[in-house]
Amino acid sequence: MKRLTFNRKLFALPYGVLSALFVIVPLLVLLYFAFVDGDGKFTFENFADIFSKGTIKVLFYSFGVALLTTVICLVIAYPLAMILANSRFNKSALLVMMFILPMWINSLLRMYALKNLFIELLQIDTGFFMVLCGMVYDFFPFMLLPIYTIFVSMDKSLIEASYDLGASPIKTFFRVKVPLSMPGVISGIIMVFMPTVSTFAISDILGKPENIMFGNLINYWFTKNHWNLGSAYAFFLLILIGITMIISSKLTGGKAKATTGGIL
Amino acid sequence: MIRHEKLKKVIALTFVYITLILMYVPIIILIIYSFTESRTIGNWTGFSVQLYINMFEDPEIMGALTNSVIIALASSLLATAIGTFSAVGIYHLRKAPKVYMDTVSQITMVNADIVTGIAFMLFFLIIKVIPDGFGTLIIAHTIICIPYVIMSVTPRLTQLNPNLYEAGLDLGSPPIKTMLTVILPQLIPGMIAGFALSFTLSLDDFVITKFINGDVDTISTYLYTKIKVKGVQPELRAMSTVILLAIMLILVFINVYNKIKKNKTTSR
Amino acid sequence: MNEQKHNNPNEQKSLHEKTDKIIEVVGVTKVFDDVTVVDDMNLSIKRGEFVTLLGPSGCGKTTLLRMIAGFETPTSGKIFIGSKDVTYIPPHKRGINTVFQKYALFPHLNVFGNIAYGLKNKRIFDKTITDKKGVEKDVYRKFSKKEIEEKVKRALKVVGLEGYEHRDVNSLSGGQQQRVAIARAIVCEPKVLLLDEPLGALDLKMRKEMQLELKAMHKNLGITFVYVTHDQEEALTMSDRVVVMNDGVIQQVGVPKKIYDEPSNAFVASFIGESNILSGTMIADYNVSFCGEKFRCLDKGFEKNEKVDLVIRPEDIEISEQGQLEGKVIDVVFKGTFYQMEIATEGYEFTVQSTVGRKAGETVRLAIAPNSIHIMKKLRTTNTFVTVLDSDTSIELCGGSFEIINDGSLVKGDRVKVTIPFDKIELTDDESDGIIGVNVAQTLYKGSYYQVQIYTDTDEDFYLDTDIDWDIDDRVGLKIKPEDIILQKLEEENEEADV
């Protein structure tokens, strides 16, 4: 008797199916490859390899570079975001736009430009320093944007209330502004730290062989056709990303999210 | 007191502009040196557009450019269509299905490109239906872009009058028609933002593309192979400038469009 | 196909002749996430009537309207429009139109585009042709551009917005937008026009104006209006018939005067206008006692000494030397055309309206005529629940365990029907003094006591009578003496029936 009536929820169905097929299934395939050896037999060997001495060294090196990149980005982006969001200093949306613009330019192009500048003009050779500069250059907007967004949307009356209650500007900064901006800072950190660990193009182009990141290792196994090993490495990376996401959502109560979309 | 305030402003703005200059120096130098013929940057051999002529005559560069544009256009159009409808659907979903959809799009957005790329590569390898190339690239780029379209469209949905859709039905318009004639026109700004985001995302992507491109070269894969080699082709400078200009144009267009839209609504 | 048939004006006409009822709601229940919003509702609306669904927010009036419009499907029950079962027919095939609370005008279309939207979807009967096989077939067509233009023009004239065709809807004032919304709906010539608090977003002056205009439109157009509002004054001034709802249940249906003069229960009395609601006792037919005095009344048929609720409107109480009740004026407020006084008598504080004001502190006598006393049966006097024994000497009730007196016939796990009289429930100031914590939902002064409605954390409602005026939304404790819990064991068959 009851007719099947059309429901707007059904519009989500195509993506529901597509995402199951092209997001979930590929990850399951990856999982499968990570747990078998070349002959298709179940094994933990691939994961054990991650904890070999050479790989651990690369992993820690990657964390080090990522940490350094994140800190540099944060140290520049935080005051910058505060200034850009403060109407006393900046009233133009164009200026903010200028900072975001490079995000829209092919990252390899920017790396190419950077490499040209360093090698041809500044006579600096490829290596750790250039890799670090490349990382900061590439990921900086991802740190700036969430912090800027949170400062712009911050309730000014909270800051005024703090002054009203007799707190000095410095006290207000540490007791009110910093805690309120934490969700933005955490999203920024997420969007810089893990992508730095997993990238391989930047270190490939701007670094020497000793400057390889964890992402390079994954790429390496695949270029050498060690798919199972590469899959295990990739899966390990996925778990790390998952953990950072969970920690960050716990820290911010789910407020930190990927915010690349807030550009327009 | 006023002087103190002024000093603060000067320091702050100096900081802002220094950062900005640092960000743009490499790009600007690249653009400047695209107008000279020298093989290396720093060696100005006089104004010339020879690099541009070479570039437009280079079948490899032009091929990569066309491929990139075709893939970006196809996948961002698909992503905008699917993403917009999904956003409407997800907005009305509750409980488990909503959690699933949110999680899946979140995974897509936060996952490292290299993991996504490898997963796609292995997946396409196993199903063996689609040979690596345009097909796999368009599928993968579409899937990657859909969450960004959803993210751009959803805020518009939350601002809509909740009875708008019902008003359409109430006036005798069937559901799909109501979607197209009533709801969709309200979402256009979000769709344009989502489309632009998808387009650049696709154009920008290197890592995922690298694993599934077969023998199709895009700008990114072409650049990658060329940059790694010492003694770079100077034509790349011209190509970079062209791409930069194209992206600038798109962004200016979107911003002007938004401004006009805004003025139209505020002047009412 | 269905849609075409539906909009055929000829068929519409034949339906007109068939029945006098345009809308029939039969046993409709709507449950959202375990909450029953509309409960087994029956209602029929006559052709051409102006019916108002009136009730506080959350009473289910809007849900009922949305089910008639087709935006919600009833959990059970049926809805008929013009004797056709439309329960599962989607809204776009129902041939009725809605005016939404916040207008819901299409922002991307101008005034003309908005009003023409519905017309463009319509198919009208064109002619009957005979096909090759000799079967007669009705042919339908769209409105022509000219027809649409004319109809829009006419609709704009009806709502007083001539010449507004090309205006942007976003540039219009709230009142003008509302008019466009009305024009958009009536231009489709619906059988029924549903209006969901259409004036709620307008300011007072505009609202008064629109009330009159809507009433005039209803008269001129001859369309059935179903109007939803929480404003009792609006309901009483505009409607032919008012349906008062509360908690998803119809409390009373009647013409405005009857609803006002003879509210059928305490809820209706308190919701419609100011009134004195008190508790009394029927001594005999036509005789009631309250505040320690006996009064003549017009009601009969109650049991002897039955407790009843009674309503006396403030303007029906006369201050007169011959009055039976003595009282002291506590408070006087001049309300423009009359004085409103609070007068305390033995046992009740009456609200009295009179053109003659008295001074606070003065002692007066109150006279109440027999036809001013409206007697109502008490809605309920006991709370009943179905639950199980969680031990041999206690029952589980609303998240707490209540001690009971067990005569030995019950054992743990038995299902029982629990009855607790209103006056046997005790509230405690401190939540921890009670067996369970509850929230006060509303209180109603009944003369000598307060009737309090509370809800538990498990979302069950209790009613109880108490001497204390508890604050609404207060968190309090609830306890019941074991000897006051009346138990009745449920048999197996019963149990299955309940499940």
# chains A, B, ... in the order shown; residues from 1 in each chain; ligands from 1
call {"tool": "residues_around", "arguments": {"residues": "Lys294 of chain C", "least_positions_apart": "4", "cutoff": "12 Å", "atoms": "only C-alpha atoms", "output": "mmCIF file with C-alpha atoms, in the first residue's frame"}}
result
data_model
loop_
_atom_site.group_PDB
_atom_site.id
_atom_site.type_symbol
_atom_site.label_atom_id
_atom_site.label_comp_id
_atom_site.auth_asym_id
_atom_site.auth_seq_id
_atom_site.Cartn_x
_atom_site.Cartn_y
_atom_site.Cartn_z
ATOM 1 C CA GLY C 280 -15.500 22.206 42.697
ATOM 2 C CA THR C 281 -17.962 19.501 43.615
ATOM 3 C CA MET C 282 -21.286 18.686 41.941
ATOM 4 C CA ILE C 283 -23.695 18.407 44.824
ATOM 5 C CA ALA C 284 -26.613 17.582 42.582
ATOM 6 C CA TYR C 286 -27.665 22.163 38.532
ATOM 7 C CA ASN C 287 -25.883 22.607 41.852
ATOM 8 C CA VAL C 288 -22.171 23.016 42.355
ATOM 9 C CA SER C 289 -20.111 24.042 45.320
ATOM 10 C CA PHE C 290 -16.793 25.846 45.364
ATOM 11 C CA GLY C 323 -22.829 38.485 45.705
ATOM 12 C CA GLN C 324 -22.369 35.191 47.557
ATOM 13 C CA LEU C 325 -18.599 35.396 47.852
ATOM 14 C CA ALA C 367 -21.846 37.519 42.172
ATOM 15 C CA ILE C 368 -21.621 34.779 39.577
ATOM 16 C CA PRO C 370 -25.517 30.333 36.697
ATOM 17 C CA ILE C 373 -20.198 28.882 35.454
#
call {"tool": "interface_residues", "arguments": {"of": "chain B", "to": "chain A", "cutoff": "6 Å", "atoms": "only C-alpha atoms", "output": "ChimeraX atom specification"}}
result
/B:26-27,30,41-42,85-86,89-90,92-93,115,119-120,123,204,228
call {"tool": "residues_around", "arguments": {"residues": "segment 179-182 of chain A", "least_positions_apart": "6", "cutoff": "7 Å", "atoms": "only C-alpha atoms", "output": "PDB file with C-alpha atoms, in the first residue's frame"}}
result
ATOM      1  CA  ILE A 147      44.504  30.267  12.207  1.00  0.00           C
ATOM      2  CA  ILE A 150      39.661  31.442  13.748  1.00  0.00           C
ATOM      3  CA  PHE A 151      41.003  34.915  14.525  1.00  0.00           C
TER       4      PHE A 151
END
call {"tool": "interface_residues", "arguments": {"of": "chain C", "to": "chain B", "cutoff": "9 Å", "atoms": "only C-alpha atoms", "output": "PyMOL selection string"}}
result
chain C and resi 3+69-71+90-108+117-122+168+170-172+184-185+188
call {"tool": "select_by_dssp", "arguments": {"residues": "segment 119-180 of chain C", "states": "helix (DSSP H, G or I)", "output": "list of chain:residue names"}}
result
C:Leu119, C:Lys120, C:Asn121, C:Lys145, C:Lys146, C:Glu147, C:Ile148, C:Glu149, C:Glu150, C:Lys151, C:Val152, C:Lys153, C:Arg154, C:Ala155, C:Leu156, C:Lys157, C:Val158, C:Val169, C:Asn170, C:Ser171, C:Gly174, C:Gly175, C:Gln176, C:Gln177, C:Gln178, C:Arg179, C:Val180
call {"tool": "write_last_selection", "arguments": {"atoms": "N, CA and C atoms", "output": "mmCIF file, in the first residue's frame"}}
result
data_model
loop_
_atom_site.group_PDB
_atom_site.id
_atom_site.type_symbol
_atom_site.label_atom_id
_atom_site.label_comp_id
_atom_site.auth_asym_id
_atom_site.auth_seq_id
_atom_site.Cartn_x
_atom_site.Cartn_y
_atom_site.Cartn_z
ATOM 1 N N LEU C 119 1.689 27.794 -11.726
ATOM 2 C CA LEU C 119 0.866 27.732 -12.947
ATOM 3 C C LEU C 119 1.585 26.959 -14.040
ATOM 4 N N LYS C 120 2.903 27.126 -14.101
ATOM 5 C CA LYS C 120 3.672 26.454 -15.143
ATOM 6 C C LYS C 120 3.672 24.945 -14.951
ATOM 7 N N ASN C 121 3.415 24.506 -13.729
ATOM 8 C CA ASN C 121 3.379 23.066 -13.474
ATOM 9 C C ASN C 121 2.005 22.459 -13.724
ATOM 10 N N LYS C 145 1.132 31.452 -22.249
ATOM 11 C CA LYS C 145 1.870 32.538 -21.627
ATOM 12 C C LYS C 145 0.924 33.671 -21.229
ATOM 13 N N LYS C 146 -0.037 33.924 -22.122
ATOM 14 C CA LYS C 146 -0.976 35.014 -21.889
ATOM 15 C C LYS C 146 -1.863 34.700 -20.687
ATOM 16 N N GLU C 147 -2.330 33.451 -20.634
ATOM 17 C CA GLU C 147 -3.175 33.045 -19.507
ATOM 18 C C GLU C 147 -2.435 33.227 -18.187
ATOM 19 N N ILE C 148 -1.149 32.807 -18.188
ATOM 20 C CA ILE C 148 -0.355 32.918 -16.973
ATOM 21 C C ILE C 148 -0.229 34.375 -16.563
ATOM 22 N N GLU C 149 0.080 35.223 -17.561
ATOM 23 C CA GLU C 149 0.224 36.647 -17.252
ATOM 24 C C GLU C 149 -1.045 37.223 -16.639
ATOM 25 N N GLU C 150 -2.168 36.837 -17.215
ATOM 26 C CA GLU C 150 -3.441 37.349 -16.703
ATOM 27 C C GLU C 150 -3.713 36.870 -15.284
ATOM 28 N N LYS C 151 -3.449 35.579 -15.080
ATOM 29 C CA LYS C 151 -3.717 35.014 -13.751
ATOM 30 C C LYS C 151 -2.822 35.647 -12.693
ATOM 31 N N VAL C 152 -1.556 35.847 -13.025
ATOM 32 C CA VAL C 152 -0.637 36.462 -12.072
ATOM 33 C C VAL C 152 -1.120 37.874 -11.736
ATOM 34 N N LYS C 153 -1.528 38.575 -12.776
ATOM 35 C CA LYS C 153 -2.007 39.937 -12.590
ATOM 36 C C LYS C 153 -3.198 39.943 -11.629
ATOM 37 N N ARG C 154 -4.114 39.009 -11.871
ATOM 38 C CA ARG C 154 -5.315 38.959 -11.045
ATOM 39 C C ARG C 154 -4.955 38.626 -9.587
ATOM 40 N N ALA C 155 -4.030 37.670 -9.429
ATOM 41 C CA ALA C 155 -3.632 37.267 -8.074
ATOM 42 C C ALA C 155 -2.977 38.433 -7.339
ATOM 43 N N LEU C 156 -2.173 39.190 -8.073
ATOM 44 C CA LEU C 156 -1.509 40.342 -7.454
ATOM 45 C C LEU C 156 -2.535 41.382 -7.023
ATOM 46 N N LYS C 157 -3.604 41.484 -7.821
ATOM 47 C CA LYS C 157 -4.651 42.435 -7.483
ATOM 48 C C LYS C 157 -5.345 41.998 -6.193
ATOM 49 N N VAL C 158 -5.578 40.688 -6.081
ATOM 50 C CA VAL C 158 -6.249 40.165 -4.891
ATOM 51 C C VAL C 158 -5.449 40.508 -3.629
ATOM 52 N N VAL C 169 12.017 39.713 -5.204
ATOM 53 C CA VAL C 169 11.330 39.369 -3.944
ATOM 54 C C VAL C 169 12.157 39.754 -2.716
ATOM 55 N N ASN C 170 13.489 39.778 -2.878
ATOM 56 C CA ASN C 170 14.332 40.113 -1.723
ATOM 57 C C ASN C 170 14.216 41.580 -1.327
ATOM 58 N N SER C 171 13.705 42.412 -2.244
ATOM 59 C CA SER C 171 13.621 43.836 -1.949
ATOM 60 C C SER C 171 12.304 44.188 -1.269
ATOM 61 N N GLY C 174 8.493 42.512 4.722
ATOM 62 C CA GLY C 174 7.930 41.258 5.224
ATOM 63 C C GLY C 174 6.474 41.090 4.827
ATOM 64 N N GLY C 175 5.704 42.160 4.992
ATOM 65 C CA GLY C 175 4.283 42.094 4.663
ATOM 66 C C GLY C 175 4.056 41.843 3.182
ATOM 67 N N GLN C 176 4.885 42.507 2.366
ATOM 68 C CA GLN C 176 4.743 42.322 0.918
ATOM 69 C C GLN C 176 5.133 40.910 0.503
ATOM 70 N N GLN C 177 6.195 40.398 1.123
ATOM 71 C CA GLN C 177 6.608 39.022 0.811
ATOM 72 C C GLN C 177 5.486 38.051 1.155
ATOM 73 N N GLN C 178 4.848 38.312 2.290
ATOM 74 C CA GLN C 178 3.761 37.441 2.711
ATOM 75 C C GLN C 178 2.634 37.476 1.681
ATOM 76 N N ARG C 179 2.357 38.677 1.151
ATOM 77 C CA ARG C 179 1.309 38.803 0.140
ATOM 78 C C ARG C 179 1.677 38.020 -1.122
ATOM 79 N N VAL C 180 2.954 38.098 -1.506
ATOM 80 C CA VAL C 180 3.385 37.343 -2.688
ATOM 81 C C VAL C 180 3.207 35.847 -2.429
#
call {"tool": "closest_atom_pairs", "arguments": {"of": "chain C", "to": "chain A", "cutoff": "9 Å", "atoms": "only C-alpha atoms", "output": "JSON lines"}}
result
{"residue": "C:Thr87", "atom": "CA", "partner": "A:Lys2", "partner_atom": "CA", "distance": 8.6}
{"residue": "C:Tyr88", "atom": "CA", "partner": "A:Lys2", "partner_atom": "CA", "distance": 6.2}
{"residue": "C:Ile89", "atom": "CA", "partner": "A:Arg3", "partner_atom": "CA", "distance": 8.0}
{"residue": "C:Pro90", "atom": "CA", "partner": "A:Thr5", "partner_atom": "CA", "distance": 6.9}
call {"tool": "closest_residue", "arguments": {"among": "B:Gly133, B:Arg94, B:Ile227, B:Asn255", "to": "Ile202 of chain A", "atoms": "only C-alpha atoms"}}
result
B:Ile227
call {"tool": "residues_around", "arguments": {"residues": "Asp58 of chain B", "least_positions_apart": "3", "cutoff": "12 Å", "atoms": "only C-alpha atoms", "output": "NGL selection string"}}
result
:B and (51-55 or 61-65 or 233 or 235-236 or 238-239)
call {"tool": "write_last_selection", "arguments": {"atoms": "N, CA and C atoms", "output": "mmCIF file, in the first residue's frame"}}
result
data_model
loop_
_atom_site.group_PDB
_atom_site.id
_atom_site.type_symbol
_atom_site.label_atom_id
_atom_site.label_comp_id
_atom_site.auth_asym_id
_atom_site.auth_seq_id
_atom_site.Cartn_x
_atom_site.Cartn_y
_atom_site.Cartn_z
ATOM 1 N N LEU B 51 61.014 31.721 -25.909
ATOM 2 C CA LEU B 51 60.648 30.581 -25.053
ATOM 3 C C LEU B 51 59.171 30.236 -25.232
ATOM 4 N N TYR B 52 58.350 31.300 -25.400
ATOM 5 C CA TYR B 52 56.918 31.059 -25.586
ATOM 6 C C TYR B 52 56.665 30.390 -26.926
ATOM 7 N N ILE B 53 57.400 30.876 -27.940
ATOM 8 C CA ILE B 53 57.234 30.270 -29.262
ATOM 9 C C ILE B 53 57.644 28.804 -29.216
ATOM 10 N N ASN B 54 58.800 28.561 -28.583
ATOM 11 C CA ASN B 54 59.268 27.169 -28.450
ATOM 12 C C ASN B 54 58.251 26.312 -27.725
ATOM 13 N N MET B 55 57.729 26.895 -26.656
ATOM 14 C CA MET B 55 56.808 26.147 -25.816
ATOM 15 C C MET B 55 55.570 25.731 -26.609
ATOM 16 N N ILE B 61 55.025 19.477 -24.329
ATOM 17 C CA ILE B 61 54.454 20.443 -23.394
ATOM 18 C C ILE B 61 52.981 20.668 -23.695
ATOM 19 N N MET B 62 52.682 20.903 -24.985
ATOM 20 C CA MET B 62 51.303 21.169 -25.344
ATOM 21 C C MET B 62 50.420 19.966 -25.042
ATOM 22 N N GLY B 63 50.966 18.775 -25.264
ATOM 23 C CA GLY B 63 50.215 17.547 -24.957
ATOM 24 C C GLY B 63 49.879 17.466 -23.484
ATOM 25 N N ALA B 64 50.907 17.691 -22.673
ATOM 26 C CA ALA B 64 50.697 17.613 -21.233
ATOM 27 C C ALA B 64 49.670 18.645 -20.775
ATOM 28 N N LEU B 65 49.785 19.858 -21.354
ATOM 29 C CA LEU B 65 48.837 20.914 -21.003
ATOM 30 C C LEU B 65 47.404 20.532 -21.355
ATOM 31 N N GLN B 233 64.977 22.476 -19.068
ATOM 32 C CA GLN B 233 64.511 23.133 -20.285
ATOM 33 C C GLN B 233 64.019 24.528 -19.926
ATOM 34 N N GLU B 235 62.083 26.348 -21.525
ATOM 35 C CA GLU B 235 60.690 26.511 -21.959
ATOM 36 C C GLU B 235 59.709 26.335 -20.795
ATOM 37 N N LEU B 236 60.165 25.586 -19.759
ATOM 38 C CA LEU B 236 59.291 25.382 -18.597
ATOM 39 C C LEU B 236 58.915 26.707 -17.945
ATOM 40 N N ALA B 238 58.339 29.531 -19.450
ATOM 41 C CA ALA B 238 57.221 30.089 -20.210
ATOM 42 C C ALA B 238 55.930 29.357 -19.854
ATOM 43 N N MET B 239 56.044 28.039 -19.780
ATOM 44 C CA MET B 239 54.862 27.234 -19.454
ATOM 45 C C MET B 239 54.331 27.618 -18.079
#
